[in-house]
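Here is the structure we will look at.
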Number of protein chains: 2
Amino acid sequence: MGRLRDENSIIHKIEKAFPARGRGNLRLGLGDDAALWKPRRGCETILTCDWFLEGTHFLRNVHPAKSVGWKCLARAVSDIAAMGGEPRCFLVSLALPGGETGRWLDGFLRGLRRASRALDCELTGGDTTQSRHILINVTVVGEIAARGAILRAGARRGDFIYVSGRLGEAELGRRELIVRRGGARSKSVGVKKHLYPEPRLALGRWLAETGMASAMMDLSDGLSTDLPRLCVASGVGAVIEEAALPCVTTRNRAAALAMALHGGDDYELLFCVSEKKAQGLPKSYRGLRLTRIGKIVAERKIKLAKENGKEQALAAGGWDSFRE
Amino acid sequence: MGRLRDENSIIHKIEKAFPARGRGNLRLGLGDDAALWKPRRGCETILTCDWFLEGTHFLRNVHPAKSVGWKCLARAVSDIAAMGGEPRCFLVSLALPGGETGRWLDGFLRGLRRASRALDCELTGGDTTQSRHILINVTVVGEIAARGAILRAGARRGDFIYVSGRLGEAELGRRELIVRRGGARSKSVGVKKHLYPEPRLALGRWLAETGMASAMMDLSDGLSTDLPRLCVASGVGAVIEEAALPCVTTRNRAAALAMALHGGDDYELLFCVSEKKAQGLPKSYRGLRLTRIGKIVAERKIKLAKENGKEQALAAGGWDSFRE
């Protein structure tokens with residue numbers, strides 16, 4: 001549990017926490033210059049990487065080390081879910097203060113290992129160094145049948161727009177946690193979703209395998225920030241029905257709507273389905289609600305049809321670290 | 001050249017600097033949740049990632065932005081060279097202060113693009129966010145014939161130990177640069193090697209294809225820190241001949257030897273060759289000197305045979321960010 005004083009000891013601790021499971025197509029894991037990987041025949045490799053930085057994405061005195069370990073992998077894996085693929089292995093780059101190489105690192109590795117097992121995604125490499133703040137970068141390697149990935153660019157005029165789960169839940173949890181300064185004993189649904197998000201892998205795979213979705217992405221920065229990205233990629237616009245948004249239940253309806261539109265970190269899936277195929281889409285998939293929230297239109301604007309009957313432009317109000 | 005005020009503008013600037021070249025096996029590059037990649041038939045994928053952090057690995061007021069762009073990719077590609085492979089594509093995660101999204105980012109992207117072209121390694125994805133310091137993480141994807149990679153674990157008793165190029169050159173350059181506070185007009189060989197290192201891709205590939213090397217790694221943290229890693233992986237020890245080390249030429253022989261043993265950032269290749277195969281090893285490869293510096297032994301210790309005839313343990317004195 002003590003503080004470690006050289007890089008080799010830290011690498012050794014990580015290797016001990018992740019004994020090689022020796023899967024078929026992952027030939028060389030930790031301990032060499034690089035990892036070796038071979039996708040199964042007929043499959044493509046999916047590659048994605050994600051920052052998870054102290055101060056920007058989490059706070060050391062609010063977020064438990066275990067949650068940091070879980071979430072840094074889960075949010076990167078969410079990008080694999082958003083393509084309809086399956087995660088296979090990951091690399092973790094970890095920079096941390098010397099004083100956090102004991103108990104904090106142990107907690108972090110516990111959370112990371114739990115996510116690694118739950119998401120069936122094996123640690124295969126990384127890099128460690130010292131820094132003043134805790135810095136994490138995760139690269140996830142996934143697999144999907146060749147030409148089977150659902151891209152952002154496939155949305156067409158007339159497609160219905162869907163989301164999984166409830167929007168704004170993680171944002172509500174984040175607020176609860178900040179107010180309690182991390183000391184939340186009874187974990188509400190929101191706090192749990194904020195600390196331990198679950199990428200929608202099964203749904204993403206099902207949507208890809210059935211050819212149901214024309215376009216897909218995950219909601220990491222909030223609907224009002226992410227939906228325009230999908231629309232730009234597809235060269236279309238969208239109208240969102242405020243009344244249809246699957247919100248959190250609070251007394252303050254306006255706050256719930258704002259969290260659904262702009263709250264980040266939900267890691268739900270946003271996807272489009274043609275009018276014809278939509279008839280075959282169930283109301284939920286494996287207990288996860290699927291809600292139609294709007295429609296793709298030709299005009300390249302994002303509009304919100306308000307509950308009061310008026311229509312207005314939907315401005316991006318989600319998470320953007322560069323916005324002032 | 002102005003400061004950018006949202007993440008989409010930064011992504012757009014990066015995409016403009018790296019227009020898609022549309023190579024055969026890289027199907028989807030920037031602009032979606034993740035990238036899609038397929039190695040050629042009969043090949044394995046090599047995966048490696050590397051930190052490059054302000055304060056730890058470079059200084060904003062000493063190292064030109066162009067050098068930061070070049071070096072963050074070149075040093076990660078060096079791990080591909082160390083396996084005998086070829087780089088194919090990379091992901092770059094970039095966190096930077098809002099004030100550096102103008103001129104600094106332009107210079108960085110120029111250096112990164114130059115390295116990308118020189119090393120034939122295409123940008124295919126990444127992540128951007130804001131932070132107080134400049135933080136970079138690069139993941140490189142390479143390719144090698146299945147089962148053709150040279151690992152660290154293959155060294156056997158009696159193998160000769162070789163290095164490419166001259167050791168300590170980059171460390172000498174780093175010292176020159178610090179003394180001049182970055183304002184080095186005439187770029188010495190050392191300063192050039194420190195700012196714009198060249199991964200030894202051609203040599204690595206040749207050593208892998210000919211089956212000449214039994215074990216290999218790149219020298220990033222200095223010989224005295226890296227050699228033990230190769231020896232531990234192989235379950236062997238080594239004796240290094242001080243007199244044989246290819247050092248920089250300075251009046252101070254002791255300083256030159258120390259830089260050769262402990263200086264980091266050279267990105268030369270360290271490799272082992274059996275006594276029998278060593279007869280066929282040329283003195284240089286494509287103008288790059290290959291020097292025999294010692295021998296692998298059974299006893300798991302790293303020893304230095306000094307110029308004065310004495311033998312002593314070689315303590316790791318290279319780069320380790322956690323050492324105090």
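Residue numbering restarts at 1 for every chain of the structure tokens, chains are lettered A, B, ... in their displayed order, and ligands are numbered from 1 as they appear.
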
Select residues of chain B: the criterion is any atom within 6 Å of an atom of chain A, counting only C-alpha atoms; output as a compact mmCIF listing (two decimals) with all heavy atoms, in the first residue's frame.
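Output below, filename out03.txt:
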# COMPACT_ATOMS: atom_id res chain seq x y z
N ARG B 5 -12.32 28.99 -29.57
CA ARG B 5 -13.15 29.05 -28.37
C ARG B 5 -14.09 27.87 -28.22
O ARG B 5 -14.98 27.88 -27.38
CB ARG B 5 -13.91 30.37 -28.31
CG ARG B 5 -12.96 31.55 -28.33
CD ARG B 5 -13.51 32.79 -27.71
NE ARG B 5 -12.53 33.87 -27.81
CZ ARG B 5 -11.65 34.16 -26.86
NH1 ARG B 5 -11.63 33.48 -25.74
NH2 ARG B 5 -10.78 35.14 -27.02
N ASP B 6 -13.96 26.85 -29.06
CA ASP B 6 -14.72 25.63 -28.80
C ASP B 6 -14.02 24.42 -29.41
O ASP B 6 -13.18 24.55 -30.30
CB ASP B 6 -16.17 25.74 -29.29
CG ASP B 6 -16.24 25.88 -30.78
OD1 ASP B 6 -16.09 27.02 -31.27
OD2 ASP B 6 -16.41 24.87 -31.46
N GLU B 7 -14.38 23.25 -28.90
CA GLU B 7 -13.69 22.03 -29.27
C GLU B 7 -13.87 21.70 -30.76
O GLU B 7 -12.94 21.24 -31.41
CB GLU B 7 -14.21 20.88 -28.40
CG GLU B 7 -13.33 19.66 -28.42
CD GLU B 7 -13.85 18.54 -27.52
OE1 GLU B 7 -14.36 18.85 -26.43
OE2 GLU B 7 -13.75 17.38 -27.93
N ASP B 33 -17.04 8.36 -34.05
CA ASP B 33 -16.76 7.98 -32.67
C ASP B 33 -15.41 7.28 -32.56
O ASP B 33 -14.73 7.38 -31.55
CB ASP B 33 -17.86 7.04 -32.16
CG ASP B 33 -19.20 7.74 -32.07
OD1 ASP B 33 -19.35 8.55 -31.15
OD2 ASP B 33 -20.07 7.50 -32.91
N ALA B 34 -15.04 6.54 -33.58
CA ALA B 34 -13.81 5.75 -33.53
C ALA B 34 -13.31 5.53 -34.95
O ALA B 34 -14.01 5.84 -35.92
CB ALA B 34 -14.10 4.41 -32.85
N ALA B 35 -12.10 5.00 -35.08
CA ALA B 35 -11.53 4.72 -36.39
C ALA B 35 -11.66 3.24 -36.70
O ALA B 35 -11.78 2.41 -35.80
CB ALA B 35 -10.06 5.13 -36.41
N LEU B 36 -11.64 2.90 -37.97
CA LEU B 36 -11.70 1.50 -38.38
C LEU B 36 -10.41 1.13 -39.09
O LEU B 36 -9.92 1.88 -39.95
CB LEU B 36 -12.88 1.28 -39.33
CG LEU B 36 -14.25 1.43 -38.67
CD1 LEU B 36 -15.33 1.43 -39.73
CD2 LEU B 36 -14.49 0.32 -37.65
N TRP B 37 -9.88 -0.02 -38.77
CA TRP B 37 -8.55 -0.41 -39.26
C TRP B 37 -8.52 -1.91 -39.53
O TRP B 37 -9.09 -2.70 -38.77
CB TRP B 37 -7.53 -0.04 -38.20
CG TRP B 37 -6.30 -0.88 -38.21
CD1 TRP B 37 -5.99 -1.90 -37.35
CD2 TRP B 37 -5.19 -0.78 -39.10
NE1 TRP B 37 -4.78 -2.43 -37.66
CE2 TRP B 37 -4.27 -1.78 -38.74
CE3 TRP B 37 -4.90 0.04 -40.19
CZ2 TRP B 37 -3.07 -1.97 -39.41
CZ3 TRP B 37 -3.70 -0.15 -40.86
CH2 TRP B 37 -2.80 -1.14 -40.47
N LYS B 38 -7.87 -2.30 -40.62
CA LYS B 38 -7.75 -3.72 -40.94
C LYS B 38 -6.33 -4.01 -41.41
O LYS B 38 -5.90 -3.45 -42.42
CB LYS B 38 -8.75 -4.06 -42.05
CG LYS B 38 -9.07 -5.54 -42.10
CD LYS B 38 -10.22 -5.82 -43.03
CE LYS B 38 -10.55 -7.30 -42.95
NZ LYS B 38 -11.66 -7.66 -43.79
N GLU B 44 0.10 -9.05 -38.29
CA GLU B 44 -0.43 -8.72 -36.98
C GLU B 44 -0.41 -7.21 -36.81
O GLU B 44 0.36 -6.51 -37.47
CB GLU B 44 0.45 -9.34 -35.88
CG GLU B 44 0.19 -10.81 -35.68
CD GLU B 44 1.08 -11.39 -34.59
OE1 GLU B 44 2.31 -11.28 -34.72
OE2 GLU B 44 0.55 -11.95 -33.62
N THR B 45 -1.27 -6.72 -35.89
CA THR B 45 -1.29 -5.30 -35.57
C THR B 45 -0.43 -5.06 -34.33
O THR B 45 -0.49 -5.82 -33.38
CB THR B 45 -2.73 -4.84 -35.30
OG1 THR B 45 -3.50 -5.03 -36.49
CG2 THR B 45 -2.79 -3.39 -34.89
N ILE B 46 0.39 -4.02 -34.37
CA ILE B 46 1.21 -3.62 -33.23
C ILE B 46 0.58 -2.38 -32.61
O ILE B 46 0.21 -1.45 -33.33
CB ILE B 46 2.65 -3.29 -33.65
CG1 ILE B 46 3.24 -4.39 -34.53
CG2 ILE B 46 3.54 -3.05 -32.44
CD1 ILE B 46 4.61 -4.05 -35.08
N LEU B 47 0.44 -2.36 -31.29
CA LEU B 47 -0.19 -1.23 -30.60
C LEU B 47 0.74 -0.69 -29.52
O LEU B 47 1.25 -1.45 -28.70
CB LEU B 47 -1.48 -1.69 -29.92
CG LEU B 47 -2.60 -2.17 -30.84
CD1 LEU B 47 -3.60 -2.97 -30.05
CD2 LEU B 47 -3.26 -0.99 -31.53
N THR B 48 0.92 0.62 -29.50
CA THR B 48 1.76 1.21 -28.46
C THR B 48 1.30 2.63 -28.18
O THR B 48 0.74 3.29 -29.06
CB THR B 48 3.24 1.21 -28.88
OG1 THR B 48 4.03 1.79 -27.84
CG2 THR B 48 3.46 2.00 -30.15
N CYS B 49 1.46 3.09 -26.94
CA CYS B 49 1.10 4.48 -26.62
C CYS B 49 2.16 5.12 -25.75
O CYS B 49 2.91 4.44 -25.05
CB CYS B 49 -0.27 4.55 -25.95
SG CYS B 49 -0.35 3.73 -24.37
N ASP B 50 2.25 6.44 -25.81
CA ASP B 50 3.32 7.17 -25.15
C ASP B 50 2.84 8.53 -24.67
O ASP B 50 2.20 9.26 -25.42
CB ASP B 50 4.47 7.41 -26.15
CG ASP B 50 5.69 6.56 -25.83
OD1 ASP B 50 5.88 6.23 -24.65
OD2 ASP B 50 6.44 6.25 -26.76
N ASP B 79 8.77 2.64 -30.80
CA ASP B 79 8.36 1.35 -30.22
C ASP B 79 7.95 0.36 -31.31
O ASP B 79 8.05 -0.86 -31.13
CB ASP B 79 7.19 1.53 -29.24
CG ASP B 79 7.66 2.12 -27.91
OD1 ASP B 79 8.75 1.74 -27.45
OD2 ASP B 79 6.93 2.94 -27.34
N GLY B 126 -8.46 10.70 -32.31
CA GLY B 126 -7.87 11.33 -31.14
C GLY B 126 -8.93 11.93 -30.24
O GLY B 126 -10.12 11.62 -30.36
N ASP B 127 -8.48 12.77 -29.33
CA ASP B 127 -9.39 13.42 -28.41
C ASP B 127 -8.76 14.75 -28.03
O ASP B 127 -7.54 14.85 -27.91
CB ASP B 127 -9.59 12.53 -27.16
CG ASP B 127 -10.72 13.03 -26.28
OD1 ASP B 127 -11.56 13.82 -26.75
OD2 ASP B 127 -10.78 12.63 -25.10
N THR B 129 -9.11 18.28 -25.38
CA THR B 129 -9.77 18.92 -24.25
C THR B 129 -8.89 20.05 -23.76
O THR B 129 -7.75 20.21 -24.22
CB THR B 129 -10.06 17.90 -23.12
OG1 THR B 129 -10.96 18.49 -22.17
CG2 THR B 129 -8.80 17.49 -22.39
N GLN B 130 -9.42 20.87 -22.85
CA GLN B 130 -8.65 21.99 -22.33
C GLN B 130 -7.95 21.59 -21.04
O GLN B 130 -8.49 20.81 -20.26
CB GLN B 130 -9.56 23.19 -22.08
CG GLN B 130 -8.77 24.40 -21.59
CD GLN B 130 -9.47 25.73 -21.81
OE1 GLN B 130 -8.82 26.72 -22.01
NE2 GLN B 130 -10.79 25.75 -21.78
N SER B 321 10.91 9.14 -14.11
CA SER B 321 10.23 10.32 -13.57
C SER B 321 9.88 10.15 -12.09
O SER B 321 9.65 11.13 -11.40
CB SER B 321 8.96 10.60 -14.37
OG SER B 321 8.04 9.55 -14.22
N PHE B 322 9.84 8.91 -11.59
CA PHE B 322 9.45 8.68 -10.20
C PHE B 322 10.64 8.68 -9.24
O PHE B 322 10.45 8.69 -8.04
CB PHE B 322 8.69 7.36 -10.05
CG PHE B 322 7.29 7.46 -10.57
CD1 PHE B 322 6.99 7.06 -11.85
CD2 PHE B 322 6.27 7.98 -9.78
CE1 PHE B 322 5.70 7.16 -12.35
CE2 PHE B 322 4.99 8.09 -10.26
CZ PHE B 322 4.69 7.68 -11.54
N ARG B 323 11.86 8.59 -9.80
CA ARG B 323 13.03 8.51 -8.92
C ARG B 323 13.24 9.87 -8.27
O ARG B 323 13.05 10.91 -8.88
CB ARG B 323 14.26 8.09 -9.73
CG ARG B 323 15.34 7.47 -8.87
CD ARG B 323 16.44 6.88 -9.73
NE ARG B 323 16.01 5.70 -10.45
CZ ARG B 323 16.39 5.41 -11.69
NH1 ARG B 323 17.17 6.22 -12.36
NH2 ARG B 323 15.95 4.31 -12.28

Determine, counting only C-alpha atoms, which protein, DNA and RNA residues have an atom within 12 Å of an atom of Ala202 of chain B; residues of the same chain fewer than 4 positions away are not included. Present the result as a PDB file with N, CA, C and O atoms, in the first residue's frame.
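Heads up, here's the output in part_25.pdb:
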ATOM      1  N   SER B  78       8.971   4.842 -32.483  1.00  0.00           N
ATOM      2  CA  SER B  78      10.192   4.111 -32.154  1.00  0.00           C
ATOM      3  C   SER B  78       9.878   2.740 -31.532  1.00  0.00           C
ATOM      4  O   SER B  78      10.634   1.782 -31.717  1.00  0.00           O
ATOM      5  N   ILE B  80       7.457   0.867 -32.430  1.00  0.00           N
ATOM      6  CA  ILE B  80       7.118   0.001 -33.567  1.00  0.00           C
ATOM      7  C   ILE B  80       8.418  -0.500 -34.207  1.00  0.00           C
ATOM      8  O   ILE B  80       8.549  -1.685 -34.540  1.00  0.00           O
ATOM      9  N   ALA B  81       9.392   0.423 -34.360  1.00  0.00           N
ATOM     10  CA  ALA B  81      10.705   0.039 -34.904  1.00  0.00           C
ATOM     11  C   ALA B  81      11.336  -1.047 -34.035  1.00  0.00           C
ATOM     12  O   ALA B  81      11.974  -1.965 -34.537  1.00  0.00           O
ATOM     13  N   ALA B  82      11.137  -0.927 -32.712  1.00  0.00           N
ATOM     14  CA  ALA B  82      11.749  -1.853 -31.755  1.00  0.00           C
ATOM     15  C   ALA B  82      11.181  -3.269 -31.858  1.00  0.00           C
ATOM     16  O   ALA B  82      11.764  -4.209 -31.326  1.00  0.00           O
ATOM     17  N   MET B  83      10.031  -3.428 -32.516  1.00  0.00           N
ATOM     18  CA  MET B  83       9.476  -4.763 -32.747  1.00  0.00           C
ATOM     19  C   MET B  83       9.829  -5.258 -34.153  1.00  0.00           C
ATOM     20  O   MET B  83       9.564  -6.407 -34.495  1.00  0.00           O
ATOM     21  N   GLY B  84      10.373  -4.378 -34.980  1.00  0.00           N
ATOM     22  CA  GLY B  84      10.675  -4.727 -36.372  1.00  0.00           C
ATOM     23  C   GLY B  84       9.534  -4.422 -37.320  1.00  0.00           C
ATOM     24  O   GLY B  84       9.540  -4.880 -38.463  1.00  0.00           O
ATOM     25  N   GLY B  85       8.547  -3.653 -36.853  1.00  0.00           N
ATOM     26  CA  GLY B  85       7.344  -3.428 -37.646  1.00  0.00           C
ATOM     27  C   GLY B  85       7.347  -2.123 -38.425  1.00  0.00           C
ATOM     28  O   GLY B  85       8.324  -1.378 -38.423  1.00  0.00           O
ATOM     29  N   GLU B  86       6.229  -1.862 -39.100  1.00  0.00           N
ATOM     30  CA  GLU B  86       6.053  -0.623 -39.855  1.00  0.00           C
ATOM     31  C   GLU B  86       4.866   0.139 -39.302  1.00  0.00           C
ATOM     32  O   GLU B  86       3.797  -0.442 -39.101  1.00  0.00           O
ATOM     33  N   PRO B  87       5.013   1.453 -39.062  1.00  0.00           N
ATOM     34  CA  PRO B  87       3.883   2.241 -38.578  1.00  0.00           C
ATOM     35  C   PRO B  87       2.838   2.411 -39.665  1.00  0.00           C
ATOM     36  O   PRO B  87       3.189   2.458 -40.852  1.00  0.00           O
ATOM     37  N   LEU B 119       7.286   9.456 -41.635  1.00  0.00           N
ATOM     38  CA  LEU B 119       7.226   8.105 -41.057  1.00  0.00           C
ATOM     39  C   LEU B 119       6.110   7.276 -41.689  1.00  0.00           C
ATOM     40  O   LEU B 119       5.890   6.134 -41.305  1.00  0.00           O
ATOM     41  N   SER B 164      22.615   0.698 -32.198  1.00  0.00           N
ATOM     42  CA  SER B 164      22.776   1.493 -33.412  1.00  0.00           C
ATOM     43  C   SER B 164      23.221   2.898 -33.021  1.00  0.00           C
ATOM     44  O   SER B 164      23.017   3.337 -31.889  1.00  0.00           O
ATOM     45  N   GLU B 198      14.916  10.400 -34.936  1.00  0.00           N
ATOM     46  CA  GLU B 198      14.455   9.573 -36.061  1.00  0.00           C
ATOM     47  C   GLU B 198      14.415   8.107 -35.662  1.00  0.00           C
ATOM     48  O   GLU B 198      15.457   7.488 -35.477  1.00  0.00           O
ATOM     49  N   TRP B 206      14.802  -4.601 -41.024  1.00  0.00           N
ATOM     50  CA  TRP B 206      15.820  -5.484 -41.597  1.00  0.00           C
ATOM     51  C   TRP B 206      16.214  -6.567 -40.588  1.00  0.00           C
ATOM     52  O   TRP B 206      16.334  -7.742 -40.934  1.00  0.00           O
ATOM     53  N   LEU B 207      16.387  -6.177 -39.327  1.00  0.00           N
ATOM     54  CA  LEU B 207      16.768  -7.153 -38.298  1.00  0.00           C
ATOM     55  C   LEU B 207      15.663  -8.193 -38.096  1.00  0.00           C
ATOM     56  O   LEU B 207      15.935  -9.360 -37.814  1.00  0.00           O
ATOM     57  N   ALA B 208      14.393  -7.770 -38.233  1.00  0.00           N
ATOM     58  CA  ALA B 208      13.276  -8.710 -38.068  1.00  0.00           C
ATOM     59  C   ALA B 208      13.167  -9.629 -39.283  1.00  0.00           C
ATOM     60  O   ALA B 208      13.029 -10.847 -39.140  1.00  0.00           O
ATOM     61  N   GLU B 209      13.276  -9.046 -40.467  1.00  0.00           N
ATOM     62  CA  GLU B 209      13.082  -9.837 -41.692  1.00  0.00           C
ATOM     63  C   GLU B 209      14.184 -10.860 -41.914  1.00  0.00           C
ATOM     64  O   GLU B 209      13.944 -11.948 -42.434  1.00  0.00           O
ATOM     65  N   GLU B 268      17.765   4.951 -30.254  1.00  0.00           N
ATOM     66  CA  GLU B 268      18.542   3.969 -31.010  1.00  0.00           C
ATOM     67  C   GLU B 268      17.993   2.585 -30.673  1.00  0.00           C
ATOM     68  O   GLU B 268      17.231   2.420 -29.711  1.00  0.00           O
ATOM     69  N   LEU B 269      18.390   1.583 -31.455  1.00  0.00           N
ATOM     70  CA  LEU B 269      17.948   0.218 -31.171  1.00  0.00           C
ATOM     71  C   LEU B 269      19.013  -0.535 -30.396  1.00  0.00           C
ATOM     72  O   LEU B 269      20.205  -0.437 -30.684  1.00  0.00           O
ATOM     73  N   TYR B 285      24.437  -0.177 -41.172  1.00  0.00           N
ATOM     74  CA  TYR B 285      23.305  -0.479 -42.043  1.00  0.00           C
ATOM     75  C   TYR B 285      22.771   0.840 -42.575  1.00  0.00           C
ATOM     76  O   TYR B 285      22.356   1.707 -41.802  1.00  0.00           O
ATOM     77  N   ARG B 286      22.788   1.013 -43.876  1.00  0.00           N
ATOM     78  CA  ARG B 286      22.364   2.267 -44.518  1.00  0.00           C
ATOM     79  C   ARG B 286      22.983   3.494 -43.846  1.00  0.00           C
ATOM     80  O   ARG B 286      22.280   4.454 -43.489  1.00  0.00           O
ATOM     81  N   GLY B 287      24.287   3.406 -43.601  1.00  0.00           N
ATOM     82  CA  GLY B 287      25.004   4.543 -43.031  1.00  0.00           C
ATOM     83  C   GLY B 287      24.891   4.657 -41.521  1.00  0.00           C
ATOM     84  O   GLY B 287      25.492   5.549 -40.908  1.00  0.00           O
ATOM     85  N   LEU B 288      24.115   3.775 -40.891  1.00  0.00           N
ATOM     86  CA  LEU B 288      23.938   3.824 -39.438  1.00  0.00           C
ATOM     87  C   LEU B 288      24.862   2.784 -38.795  1.00  0.00           C
ATOM     88  O   LEU B 288      24.752   1.588 -39.070  1.00  0.00           O
TER      89      LEU B 288
END

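Every protein, DNA or RNA residue with an atom at most 12 Å from Leu281 of chain A, where only C-alpha atoms count and chain neighbours fewer than 6 positions away do not, is listed here: Phe160, Ile161, Tyr162, Leu203, Trp206, Leu207, Thr210, Gly211, Met212, Ala213, Phe271, Cys272, Val273, Ser274, Glu275, Arg289, Leu290, Thr291 and Arg292 of chain A.
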
Given the selection you just returned, output its residues as a file containing N, CA and C atoms, formatted as a compact mmCIF listing (two decimals), in the first residue's frame.
# COMPACT_ATOMS: atom_id res chain seq x y z
N PHE A 160 -36.46 8.62 -38.00
CA PHE A 160 -36.80 8.98 -36.63
C PHE A 160 -35.52 8.95 -35.77
N ILE A 161 -35.49 9.82 -34.75
CA ILE A 161 -34.33 9.89 -33.86
C ILE A 161 -34.70 9.26 -32.53
N TYR A 162 -33.83 8.36 -32.04
CA TYR A 162 -34.08 7.66 -30.78
C TYR A 162 -32.93 7.86 -29.81
N LEU A 203 -27.05 -3.21 -26.79
CA LEU A 203 -27.95 -2.48 -27.69
C LEU A 203 -27.24 -2.08 -28.98
N TRP A 206 -26.80 -5.03 -31.21
CA TRP A 206 -28.07 -5.46 -31.79
C TRP A 206 -28.49 -4.54 -32.92
N LEU A 207 -28.33 -3.23 -32.71
CA LEU A 207 -28.71 -2.26 -33.75
C LEU A 207 -27.84 -2.42 -35.00
N THR A 210 -28.75 -6.08 -36.75
CA THR A 210 -30.05 -6.12 -37.41
C THR A 210 -30.15 -5.10 -38.55
N GLY A 211 -29.15 -4.22 -38.66
CA GLY A 211 -29.21 -3.19 -39.69
C GLY A 211 -30.31 -2.18 -39.42
N MET A 212 -30.73 -2.10 -38.16
CA MET A 212 -31.86 -1.24 -37.79
C MET A 212 -31.49 0.24 -37.86
N ALA A 213 -30.29 0.61 -37.36
CA ALA A 213 -29.91 2.02 -37.27
C ALA A 213 -29.22 2.50 -38.54
N PHE A 271 -29.51 7.29 -31.90
CA PHE A 271 -29.49 6.62 -33.20
C PHE A 271 -30.71 6.95 -34.04
N CYS A 272 -30.57 6.76 -35.33
CA CYS A 272 -31.64 7.08 -36.28
C CYS A 272 -32.13 5.79 -36.93
N VAL A 273 -33.43 5.75 -37.19
CA VAL A 273 -34.05 4.57 -37.80
C VAL A 273 -35.02 5.07 -38.87
N SER A 274 -35.02 4.45 -40.04
CA SER A 274 -35.93 4.87 -41.10
C SER A 274 -37.37 4.62 -40.66
N GLU A 275 -38.30 5.37 -41.21
CA GLU A 275 -39.71 5.27 -40.83
C GLU A 275 -40.20 3.83 -40.98
N ARG A 289 -35.00 1.26 -22.00
CA ARG A 289 -36.02 1.97 -22.75
C ARG A 289 -35.46 2.62 -24.01
N LEU A 290 -36.20 2.54 -25.11
CA LEU A 290 -35.83 3.22 -26.36
C LEU A 290 -36.91 4.24 -26.67
N THR A 291 -36.53 5.52 -26.75
CA THR A 291 -37.53 6.58 -26.91
C THR A 291 -37.32 7.36 -28.20
N ARG A 292 -38.42 7.52 -28.96
CA ARG A 292 -38.34 8.35 -30.15
C ARG A 292 -38.44 9.80 -29.71

Checklist line | DSSP helix (DSSP H, G or I) residues within segment 12-207 of chain A, listed as a ChimeraX atom specification | finding: /A:12-17,65-81,98-100,103-118,152-154,169-179,189-195,201-207

Checklist line | Backbone DSSP call of strand (DSSP E or B) for segment 29-84 of chain A, listed as a PyMOL selection string | finding: chain A and resi 35-37+43-54+58

Got time to write the residues from that selection, N, CA, C and O atoms, as a compact mmCIF listing (two decimals), in the first residue's frame?
# COMPACT_ATOMS: atom_id res chain seq x y z
N ALA A 35 2.18 -3.97 -27.93
CA ALA A 35 1.32 -5.15 -27.89
C ALA A 35 1.06 -5.65 -29.31
O ALA A 35 1.17 -4.89 -30.27
N LEU A 36 0.73 -6.93 -29.42
CA LEU A 36 0.42 -7.51 -30.73
C LEU A 36 -1.03 -7.96 -30.73
O LEU A 36 -1.50 -8.59 -29.79
N TRP A 37 -1.73 -7.66 -31.80
CA TRP A 37 -3.17 -7.89 -31.85
C TRP A 37 -3.58 -8.33 -33.25
O TRP A 37 -3.06 -7.82 -34.24
N CYS A 43 -13.25 -9.56 -39.73
CA CYS A 43 -13.57 -8.44 -38.83
C CYS A 43 -12.65 -7.25 -39.08
O CYS A 43 -11.53 -7.40 -39.55
N GLU A 44 -13.15 -6.08 -38.73
CA GLU A 44 -12.33 -4.88 -38.73
C GLU A 44 -11.98 -4.53 -37.29
O GLU A 44 -12.69 -4.91 -36.36
N THR A 45 -10.90 -3.78 -37.12
CA THR A 45 -10.50 -3.30 -35.80
C THR A 45 -11.04 -1.89 -35.60
O THR A 45 -10.96 -1.06 -36.50
N ILE A 46 -11.60 -1.62 -34.42
CA ILE A 46 -12.08 -0.28 -34.08
C ILE A 46 -11.09 0.33 -33.08
O ILE A 46 -10.68 -0.33 -32.14
N LEU A 47 -10.71 1.58 -33.31
CA LEU A 47 -9.73 2.24 -32.45
C LEU A 47 -10.30 3.54 -31.92
O LEU A 47 -10.80 4.36 -32.70
N THR A 48 -10.19 3.76 -30.61
CA THR A 48 -10.66 5.03 -30.05
C THR A 48 -9.86 5.36 -28.81
O THR A 48 -9.36 4.47 -28.12
N CYS A 49 -9.68 6.65 -28.53
CA CYS A 49 -8.98 7.03 -27.31
C CYS A 49 -9.69 8.19 -26.62
O CYS A 49 -10.42 8.95 -27.25
N ASP A 50 -9.50 8.30 -25.32
CA ASP A 50 -10.24 9.26 -24.50
C ASP A 50 -9.40 9.78 -23.35
O ASP A 50 -8.77 9.01 -22.64
N TRP A 51 -9.44 11.08 -23.16
CA TRP A 51 -8.84 11.71 -21.98
C TRP A 51 -9.70 11.44 -20.76
O TRP A 51 -10.92 11.39 -20.86
N PHE A 52 -9.08 11.37 -19.58
CA PHE A 52 -9.80 11.44 -18.31
C PHE A 52 -8.86 12.13 -17.33
O PHE A 52 -7.95 11.52 -16.77
N LEU A 53 -9.07 13.45 -17.16
CA LEU A 53 -8.11 14.29 -16.46
C LEU A 53 -8.67 14.85 -15.16
O LEU A 53 -9.80 15.34 -15.12
N GLU A 54 -7.84 14.79 -14.13
CA GLU A 54 -8.19 15.43 -12.86
C GLU A 54 -8.40 16.93 -13.11
O GLU A 54 -7.66 17.55 -13.84
N PHE A 58 -12.69 14.80 -13.56
CA PHE A 58 -13.00 14.33 -12.21
C PHE A 58 -12.21 15.11 -11.17
O PHE A 58 -11.25 15.81 -11.53
